[in-house]
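Here's the structure, in structure tokens; my notes come after.
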Amino acid sequence: MTVTMSRHGRRWLGLALGGLLAGLSAGVSAADFDPGQGKVRALVDEVAERGVDRDWAERAMGRAEFRQEVLDAMSGAAEHRMVWHDYRDIFLGEERIQQGVAFIDAHREAFERAEAEYGVPPEMIAAILGVETRYGRITGDHRVLDSLSTLAFNHPRRGDFFRGELAAFLEITYRQEVDPASIEGSYAGAMGYPQFIPTSYRAYAVDFDGDGHRNLWTNPVDAIGSIANYFAEHRWQPGAPIYHEAEGPSVRPDGITFNAARPPSVSVGELAAAGIESEAALAADTQVVPLALEMEDGSLRYRFGRDNFYVITRYNHSYLYAMAATELAEAIAEAEGRQADWFTATAADPEERP
């Protein structure tokens with residue numbers, strides 16, 4: 001029998017076999033994270049209890065290396081220091097928009113199936129990939145094993161969180177027979193096309209092409225399905241709006257919390273009393289996320305985020321990220337010539353439709 005394998009299957013097999021050979025030959029070296037001592041040993045114990053081979057885990061941690069640049073990068077994320085118009089300009093260039101159109105066209109069957117199964121439109125999925133990795137072109141150049149080990153045992157505040165991510169990473173790579181030292185990603189340990197952190201990978205990644213692997217590192221089809229699944233699991237509402245345009249004063253009113261990455265909790269009536277009016281006809285008790293976006297000329301652009309806006313902030317806990325992904329999705333849809341009133345529900349609010 002002649003067995004054929006897809007290009008993605010060949011890439012997967014090469015990654016897996018190469019990783020296994022590298023792992024067997026490397027052994028335990030003098031390392032920054034001694035698997036026989038302290039918290040590192042406790043981590044090995046933890047993953048061994050989950051079924052990871054202890055010797056394998058010890059060899060993996062013996063190869064991890066401390067990276068000061070990872071700790072330095074953690075304090076400089078763009079979401080912590082930029083305003084809206086600067087952040088937006090990073091992601092709304094014409095090249096990225098056209099690449100999104102081409103990416104949807106290249107994987108149209110997967111996008112259409114993801115929308116049918118999970119209710120998430122192709123443009124929204126593509127926009128996440130466009131913001132995260134330029135559709136898989138830039139997935140990070142930090143060894144995830146090093147990044148997560150450095151953060152797990154050296155971050156001054158979030159060590160426990162990153163130890164959980166490191167444990168999940170070791171479990172994923174062990175079960176998928178991939179060398180943990182071969183995987184590269186972001187300085188914070190996010191991986192692959194969609195930049196899932198390991199616990200998200202473990203919880204939400206899906207084998208969308210049916211090849212028996214949940215491969216977000218090299219397989220765009222699995223990435224498309226996994227992003228859609230992530231959104232659905234966080235209660236994405238198919239066809240519902242992401243935001244509404246609004247008008248308001250030149251200075252933010254006091255007493256209202258703007259730009260929060262939390263569920264809609266401020267009523268339209270309360271905002272109207274503060275002088276901020278939605279362009280859509282919304283009931284006074286409608287709960288929204290008030291957004292005040294800083295424009296280049298110093299003015300404010302007001303918007304009301306809805307439940308789907310909050311869902312996007314579950315992917316990245318930043319209103320800047322969620323709004324940039326939304327606008328990129330809108331721009332991709334426009335470039336496709338597709339009518340997509342679900343962005344702002346300009347026709348009518350879904351619950352008010354007949």
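Residues are referred to by chain and number: the chain letter is A, B, ... according to the order shown in the structure tokens, the number counts from 1 in that chain, and ligands are numbered separately from 1 in the order shown.
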
DSSP helix (DSSP H, G or I) residues within region 205-299 of chain A, as a list in words: Pro220, Val221, Asp222, Ala223, Ile224, Gly225, Ser226, Ile227, Ala228, Asn229, Tyr230, Phe231, Ala232, Glu233, Val268, Gly269, Glu270, Leu271, Ala272 and Ala273 of chain A

Within 7 Å of region 209-218 of chain A, counting only C-alpha atoms, which residues qualify if same-chain residues fewer than 4 places away don't, as a PyMOL selection string? chain A and resi 8+191-193+205+222-223

Smallest atom-to-atom distance to Leu300 (chain A): which of A:Asp55, A:Glu245, A:Asp146, A:Glu69, using only C-alpha atoms?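 The answer is A:Glu245, which sits nearest to Leu300 (chain A).
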